[in-house]
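Colleague: Encoded as structure tokens, here's the structure I'll be asking about.
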2 protein chains.
Amino acid sequence: MEALHPHTHSLIAKMESIVTLSGEERAALQRLPMQAQELRADQDIVREGDRPTRCCLLIEGFACRYNMTADGKRQIHSFHIPGEIPDVQSLHIGTMDHSLQTVTRCTVGFVTHEVLEDLCDRCPRLARAFWRETLIDAAIFRKWMLGLGRKQASSRMAHFLCEMVTRMKAVGLVEGTTCAWPFTQTELGDALGLSTVHVNRTLQDELRAAGLITLTKSTLTVNDWEGLKGLGEFDPTYLHQVFREAA
Amino acid sequence: MEALHPHTHSLIAKMESIVTLSGEERAALQRLPMQAQELRADQDIVREGDRPTRCCLLIEGFACRYNMTADGKRQIHSFHIPGEIPDVQSLHIGTMDHSLQTVTRCTVGFVTHEVLEDLCDRCPRLARAFWRETLIDAAIFRKWMLGLGRKQASSRMAHFLCEMVTRMKAVGLVEGTTCAWPFTQTELGDALGLSTVHVNRTLQDELRAAGLITLTKSTLTVNDWEGLKGLGEFDPTYLHQVFREAA
DNA sequence: CGGCGATTTGATAATGGTCAAGTGCCGTGG
DNA sequence: CCACGGCACTTGACCATTATCAAATCGCCG
């Protein structure tokens, strides 16, 4: 059975980072019918205005959700890691008010609303877990808003790095103090409300110069977790994870 | 029966703006056991770090939720109007990651988690409606993030005005093109990520000068809805209301 | 009438944006 | 194997939106 759906490992890892699953619930997730698909980087999965009839499970790779202004500026409001269903909300809200896009090459699994609703009916605790996940999403938005509205570029950036490392750690994507880093500086800017130029300068002058991190095109190493946490005023409580904070 | 709980009128008006209620559901809401209380302006109802065992129904008046930076700057991430339960999420997320505060004098009704969970069990469609409400909340956050990260002060402000008028209209708080306006310029700044001074200048130089609005301490009149909408790039779809847009 | 918070206005400073140009890295094709 | 092309990153110079500091006025409530 399991062999038929190796795709659910990341889903289960993610769910277990925010709730405790029973054996039955785990089994139900493992049997979740889905249509797997490979996608290239920078491809829209659903767009603002769409009325999807299925949700997208991110099996492997990274994705983001964003909105755009009339003059073409983009604001990314969330990044998604393997195991997440970035658009569960489409179950309850018909029309997309934003777009979902791959950041890297991705493996995704499409699950119909019908299947998910059936799952929620049969396993009310899973329904609550999905609700909980959307609520944590909203909590992340709130902290980002605090940064966008009231913090300096360097602090905002440090907070963002702490958040991503903590979330990745929860699903086993961090090795010691190092993790894969799939984001370009342009994407960082679109998430932090900064220009690419300023992202670059902030990384150089505030984070790398202070020895807080080592960041290459594809890898992030946190050299001084306490320093980074302090600069970003990061407190992981809002992620409401079952297991606490990265080291 | 009804006489015992005149407090549920605004709740029902709000619920009906986002879902269609059956008679039974309406009755269940009307009988909702709660402890009513009067609160002064600018009083915290729950604080970041609390682990509340009840939710707060806003019966009359306006409230806001906010976070603060270490150096005391405040970011308001939502305003709440009568009929809303700003902290429903505490049902599923134990620890508050932000604070809830009155903006004006308020009448609130405290409903225990127990009572709300029982209500959700007995009326699954109401549970879904609450979920839906938290999702709309998140949609509002996303649009605010677009403003905070990527729009100019004037556009952000115009969008905010459009949003509030549209939401108030949905629960009958708008008279023609005029509504009560309970927010100070400092509160506006804390919501829009601007200094009070700049809020004032933006109102003067961009919105009033262009004849878009008339704003006094306590009243807002929209003189040019289309102009305001245009400036704010406002499209009410994201509010996912059952009845569309203000006039 | 007095007092205090909210609003308004002026002057100056700073964070971060824009424009421009150059470097480095990596995959592709000859 | 090496040259080419494109994209991401980097750096410099200049500019603009918005913050900060300071002070005056308005308006409401007691």
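Chain lettering (A, B, ...) mirrors the order of the structure tokens, residue numbering begins at 1 for each chain separately, and ligand numbering begins at 1 in order of display.
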Could you list, as a list of chain:residue names, the residues of chain C having an atom within 9 Å of chain B when counting only C-alpha atoms (C1' of nucleotides)?

Modeller: C:DA6, C:DT7, C:DT8

Colleague: How would the residues just picked look written out with C-alpha atoms (C1' of nucleotides) as a short mmCIF file (atom, residue, chain, number, x, y, z; two decimals), in the first residue's frame?

Modeller:
```cif
data_model
loop_
_atom_site.label_atom_id
_atom_site.label_comp_id
_atom_site.auth_asym_id
_atom_site.auth_seq_id
_atom_site.Cartn_x
_atom_site.Cartn_y
_atom_site.Cartn_z
"C1'" DA C 6 -5.74 64.79 18.47
"C1'" DT C 7 -4.59 67.24 14.49
"C1'" DT C 8 -1.82 70.19 11.73
#
```

Colleague: With 6 Å as the limit and counting only C-alpha atoms, what residues in chain B lie close to chain A? Please list them as a list in words.

Modeller: Gln75, Asp97, Ala138, Leu146, Leu148, Gly149, Gly193 and Tyr238 of chain B

Colleague: Dump as an mmCIF file with C-alpha atoms (C1' of nucleotides), in the first residue's frame the residues of chain D that approach chain B to within 10 Å, counting only C-alpha atoms (C1' of nucleotides).

Modeller:
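Done, and the output landed in result_11.cif:
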```cif
data_model
loop_
_atom_site.group_PDB
_atom_site.id
_atom_site.type_symbol
_atom_site.label_atom_id
_atom_site.label_comp_id
_atom_site.auth_asym_id
_atom_site.auth_seq_id
_atom_site.Cartn_x
_atom_site.Cartn_y
_atom_site.Cartn_z
ATOM 1 C "C1'" DT D 17 9.472 58.657 0.198
ATOM 2 C "C1'" DT D 18 8.773 58.702 4.691
ATOM 3 C "C1'" DA D 19 10.598 59.255 9.606
ATOM 4 C "C1'" DT D 20 11.819 62.273 13.268
ATOM 5 C "C1'" DG D 27 -11.784 70.731 19.871
#
```

Colleague: Residues within 8 Å of His9 of chain A, please, as a list in words. Count only C-alpha atoms (C1' of nucleotides); anything in the same chain fewer than 3 positions from it doesn't count.

Modeller: Pro6, Ile12, Ala13, Gln30 and Gly83 of chain A

Colleague: Using only N, CA and C atoms, please write the residues we just selected to a file, as a PDB file, in the first residue's frame.

Modeller:
```pdb
ATOM      1  N   PRO A   6       4.416   6.945  -1.979  1.00  0.00           N
ATOM      2  CA  PRO A   6       5.582   7.425  -1.245  1.00  0.00           C
ATOM      3  C   PRO A   6       5.492   8.938  -1.079  1.00  0.00           C
ATOM      4  N   ILE A  12       2.992  13.815   6.051  1.00  0.00           N
ATOM      5  CA  ILE A  12       2.867  13.291   7.414  1.00  0.00           C
ATOM      6  C   ILE A  12       3.882  13.952   8.353  1.00  0.00           C
ATOM      7  N   ALA A  13       5.098  14.166   7.846  1.00  0.00           N
ATOM      8  CA  ALA A  13       6.100  14.859   8.665  1.00  0.00           C
ATOM      9  C   ALA A  13       5.595  16.243   9.055  1.00  0.00           C
ATOM     10  N   GLN A  30      -1.902   8.379   4.344  1.00  0.00           N
ATOM     11  CA  GLN A  30      -1.058   7.602   3.433  1.00  0.00           C
ATOM     12  C   GLN A  30      -1.824   7.119   2.210  1.00  0.00           C
ATOM     13  N   GLY A  83       5.376  19.042   2.164  1.00  0.00           N
ATOM     14  CA  GLY A  83       4.412  18.562   3.145  1.00  0.00           C
ATOM     15  C   GLY A  83       3.253  19.506   3.362  1.00  0.00           C
TER      16      GLY A  83
END
```

Colleague: What is the distance, in Å and to one decimal place, between atom CA of Gln241 of chain B and atom CA of Ala27 of chain B?

Modeller: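 It comes out at 21.9 Å.
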
Colleague: Determine which residues of segment 198-239 of chain A receive a DSSP assignment of strand (DSSP E or B), computed from the backbone, and state them as a VMD selection string.

Modeller: chain A and resid 213 to 215 219 to 222

Colleague: How many Å lie between atom CA of Asp44 of chain A and atom CA of Phe130 of chain A, rounded to one decimal?

Modeller: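 Going from atom CA of Asp44 of chain A over to atom CA of Phe130 of chain A covers 23.0 Å.
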
Colleague: Can you pull out the residues contacting Glu16 of chain A? Cut-off 10 Å, using only C-alpha atoms (C1' of nucleotides), and skip same-chain residues under 4 positions away; I want them as a ChimeraX atom specification.

Modeller: /A:10-12,20-21,26,129,170-171,241-243

Colleague: Using N, CA and C atoms, can you export the residues from the last selection as an mmCIF file, in the first residue's frame?

Modeller:
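Resulting contents of selection.cif:
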```cif
data_model
loop_
_atom_site.group_PDB
_atom_site.id
_atom_site.type_symbol
_atom_site.label_atom_id
_atom_site.label_comp_id
_atom_site.auth_asym_id
_atom_site.auth_seq_id
_atom_site.Cartn_x
_atom_site.Cartn_y
_atom_site.Cartn_z
ATOM 1 N N SER A 10 6.283 13.509 3.271
ATOM 2 C CA SER A 10 6.488 14.894 3.712
ATOM 3 C C SER A 10 5.203 15.450 4.336
ATOM 4 N N LEU A 11 4.063 15.054 3.781
ATOM 5 C CA LEU A 11 2.781 15.499 4.355
ATOM 6 C C LEU A 11 2.662 15.076 5.809
ATOM 7 N N ILE A 12 2.992 13.815 6.051
ATOM 8 C CA ILE A 12 2.867 13.291 7.414
ATOM 9 C C ILE A 12 3.882 13.952 8.353
ATOM 10 N N THR A 20 -0.578 15.771 16.849
ATOM 11 C CA THR A 20 -0.191 14.381 17.056
ATOM 12 C C THR A 20 -1.213 13.505 16.333
ATOM 13 N N LEU A 21 -0.709 12.621 15.477
ATOM 14 C CA LEU A 21 -1.609 11.797 14.657
ATOM 15 C C LEU A 21 -1.834 10.431 15.281
ATOM 16 N N ARG A 26 -2.938 8.571 10.381
ATOM 17 C CA ARG A 26 -1.752 8.457 9.540
ATOM 18 C C ARG A 26 -2.045 7.585 8.318
ATOM 19 N N ALA A 129 -6.887 19.785 12.203
ATOM 20 C CA ALA A 129 -5.461 20.001 11.921
ATOM 21 C C ALA A 129 -5.287 20.922 10.709
ATOM 22 N N ALA A 170 11.662 21.595 11.420
ATOM 23 C CA ALA A 170 10.524 20.800 11.909
ATOM 24 C C ALA A 170 10.182 19.633 10.990
ATOM 25 N N VAL A 171 10.535 19.748 9.720
ATOM 26 C CA VAL A 171 10.247 18.637 8.817
ATOM 27 C C VAL A 171 11.536 17.957 8.357
ATOM 28 N N GLN A 241 4.463 25.153 16.885
ATOM 29 C CA GLN A 241 4.898 23.804 16.546
ATOM 30 C C GLN A 241 4.789 22.887 17.760
ATOM 31 N N VAL A 242 4.606 21.604 17.464
ATOM 32 C CA VAL A 242 4.532 20.638 18.543
ATOM 33 C C VAL A 242 5.898 20.507 19.204
ATOM 34 N N PHE A 243 6.950 20.457 18.367
ATOM 35 C CA PHE A 243 8.303 20.437 18.916
ATOM 36 C C PHE A 243 8.915 21.802 18.719
#
```

Colleague: Taking the chain letters and numbering used in this document, name the residues of segment 72-205 of chain B that DSSP puts in helix (DSSP H, G or I), as a PyMOL selection string.

Modeller: chain B and resi 88-91+113-122+124-150+153-170+185-192+196-205

Colleague: Which neighbours of DC26 of chain C fall inside 12 Å, counting only C-alpha atoms (C1' of nucleotides), when residues of the same chain fewer than 4 positions from it are skipped, and could you give them as a PDB file with N, CA and C atoms (P, O5', C5', C4', C3', O3' and C1' of nucleotides), in the first residue's frame?

Modeller:
```pdb
ATOM      1  N   LYS A 217      24.547  30.767  -3.006  1.00  0.00           N
ATOM      2  CA  LYS A 217      23.388  30.681  -3.898  1.00  0.00           C
ATOM      3  C   LYS A 217      22.428  29.591  -3.444  1.00  0.00           C
TER       4      LYS A 217
ATOM      5  P    DC D   4      33.152  33.387 -27.752  1.00  0.00           P
ATOM      6  O5'  DC D   4      31.618  33.157 -27.397  1.00  0.00           O
ATOM      7  C5'  DC D   4      30.833  32.222 -28.160  1.00  0.00           C
ATOM      8  C4'  DC D   4      29.448  32.134 -27.552  1.00  0.00           C
ATOM      9  C3'  DC D   4      28.873  33.490 -27.149  1.00  0.00           C
ATOM     10  O3'  DC D   4      27.572  33.605 -27.724  1.00  0.00           O
ATOM     11  C1'  DC D   4      28.757  31.967 -25.324  1.00  0.00           C
ATOM     12  P    DG D   5      26.778  34.979 -27.655  1.00  0.00           P
ATOM     13  O5'  DG D   5      25.659  34.645 -26.562  1.00  0.00           O
ATOM     14  C5'  DG D   5      24.941  33.411 -26.634  1.00  0.00           C
ATOM     15  C4'  DG D   5      24.050  33.295 -25.418  1.00  0.00           C
ATOM     16  C3'  DG D   5      23.449  34.623 -24.971  1.00  0.00           C
ATOM     17  O3'  DG D   5      22.086  34.402 -24.635  1.00  0.00           O
ATOM     18  C1'  DG D   5      24.649  33.660 -23.180  1.00  0.00           C
ATOM     19  P    DG D   6      21.087  35.630 -24.411  1.00  0.00           P
ATOM     20  O5'  DG D   6      20.446  35.237 -23.001  1.00  0.00           O
ATOM     21  C5'  DG D   6      20.296  33.855 -22.636  1.00  0.00           C
ATOM     22  C4'  DG D   6      20.282  33.741 -21.134  1.00  0.00           C
ATOM     23  C3'  DG D   6      19.611  34.925 -20.428  1.00  0.00           C
ATOM     24  O3'  DG D   6      18.727  34.413 -19.446  1.00  0.00           O
ATOM     25  C1'  DG D   6      21.752  34.564 -19.516  1.00  0.00           C
ATOM     26  P    DC D   7      17.558  35.335 -18.881  1.00  0.00           P
ATOM     27  O5'  DC D   7      17.610  35.026 -17.318  1.00  0.00           O
ATOM     28  C5'  DC D   7      18.015  33.726 -16.865  1.00  0.00           C
ATOM     29  C4'  DC D   7      18.863  33.876 -15.625  1.00  0.00           C
ATOM     30  C3'  DC D   7      18.330  34.913 -14.627  1.00  0.00           C
ATOM     31  O3'  DC D   7      18.280  34.302 -13.363  1.00  0.00           O
ATOM     32  C1'  DC D   7      20.634  35.221 -14.993  1.00  0.00           C
ATOM     33  P    DA D   8      17.356  34.925 -12.185  1.00  0.00           P
ATOM     34  O5'  DA D   8      18.344  34.965 -10.944  1.00  0.00           O
ATOM     35  C5'  DA D   8      19.173  33.854 -10.674  1.00  0.00           C
ATOM     36  C4'  DA D   8      20.432  34.318  -9.995  1.00  0.00           C
ATOM     37  C3'  DA D   8      20.200  35.306  -8.853  1.00  0.00           C
ATOM     38  O3'  DA D   8      20.845  34.803  -7.697  1.00  0.00           O
ATOM     39  C1'  DA D   8      21.851  36.128 -10.342  1.00  0.00           C
TER      40       DA D   8
END
```

Colleague: Excluding DC21 of chain D and any residue of its chain fewer than 3 positions from it, enumerate the residues within 12 Å of it, using only C-alpha atoms (C1' of nucleotides), and give them as an MDAnalysis selection string.

Modeller: (chainID B and resid 197) or (chainID C and resid 10:13)

Colleague: Using atom CA of Glu38 of chain A and atom CA of Lys169 of chain A as the two end points, give the distance in Å to one decimal.

Modeller: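 Atom CA of Lys169 of chain A lies 24.4 Å from atom CA of Glu38 of chain A.
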
Colleague: For DG16 of chain C, which residue out of D:DC1, D:DA23, D:DA16, D:DC9 is the nearest one, using only C-alpha atoms (C1' of nucleotides)?

Modeller: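 Checking each of D:DC1, D:DA23, D:DA16, D:DC9 against DG16 of chain C, counting only C-alpha atoms (C1' of nucleotides), the winner is D:DA16.
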
Colleague: Which residues come within 12 Å of DC2 of chain D, counting only C-alpha atoms (C1' of nucleotides), excluding same-chain residues fewer than 3 positions away, as a PyMOL selection string?

Modeller: chain C and resi 28-30

Colleague: With N, CA and C atoms (P, O5', C5', C4', C3', O3' and C1' of nucleotides) retained, write the just-selected residues as a PDB file, in the first residue's frame.

Modeller:
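In the end it all went to again10.pdb:
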```pdb
ATOM      1  P    DT C  28      21.396  22.524 -19.720  1.00  0.00           P
ATOM      2  O5'  DT C  28      21.754  23.135 -21.136  1.00  0.00           O
ATOM      3  C5'  DT C  28      21.374  24.494 -21.441  1.00  0.00           C
ATOM      4  C4'  DT C  28      22.005  24.906 -22.743  1.00  0.00           C
ATOM      5  C3'  DT C  28      22.081  23.778 -23.789  1.00  0.00           C
ATOM      6  O3'  DT C  28      21.710  24.294 -25.060  1.00  0.00           O
ATOM      7  C1'  DT C  28      24.234  24.667 -23.421  1.00  0.00           C
ATOM      8  P    DG C  29      21.375  23.321 -26.217  1.00  0.00           P
ATOM      9  O5'  DG C  29      22.348  23.793 -27.357  1.00  0.00           O
ATOM     10  C5'  DG C  29      22.645  25.193 -27.507  1.00  0.00           C
ATOM     11  C4'  DG C  29      23.967  25.332 -28.241  1.00  0.00           C
ATOM     12  C3'  DG C  29      24.168  24.330 -29.380  1.00  0.00           C
ATOM     13  O3'  DG C  29      24.848  24.986 -30.443  1.00  0.00           O
ATOM     14  C1'  DG C  29      25.936  24.139 -27.859  1.00  0.00           C
ATOM     15  P    DG C  30      24.861  24.386 -31.837  1.00  0.00           P
ATOM     16  O5'  DG C  30      26.341  24.631 -32.328  1.00  0.00           O
ATOM     17  C5'  DG C  30      26.940  25.924 -32.142  1.00  0.00           C
ATOM     18  C4'  DG C  30      28.447  25.771 -32.072  1.00  0.00           C
ATOM     19  C3'  DG C  30      29.037  24.921 -33.206  1.00  0.00           C
ATOM     20  O3'  DG C  30      30.174  25.567 -33.756  1.00  0.00           O
ATOM     21  C1'  DG C  30      29.735  24.085 -31.109  1.00  0.00           C
TER      22       DG C  30
END
```
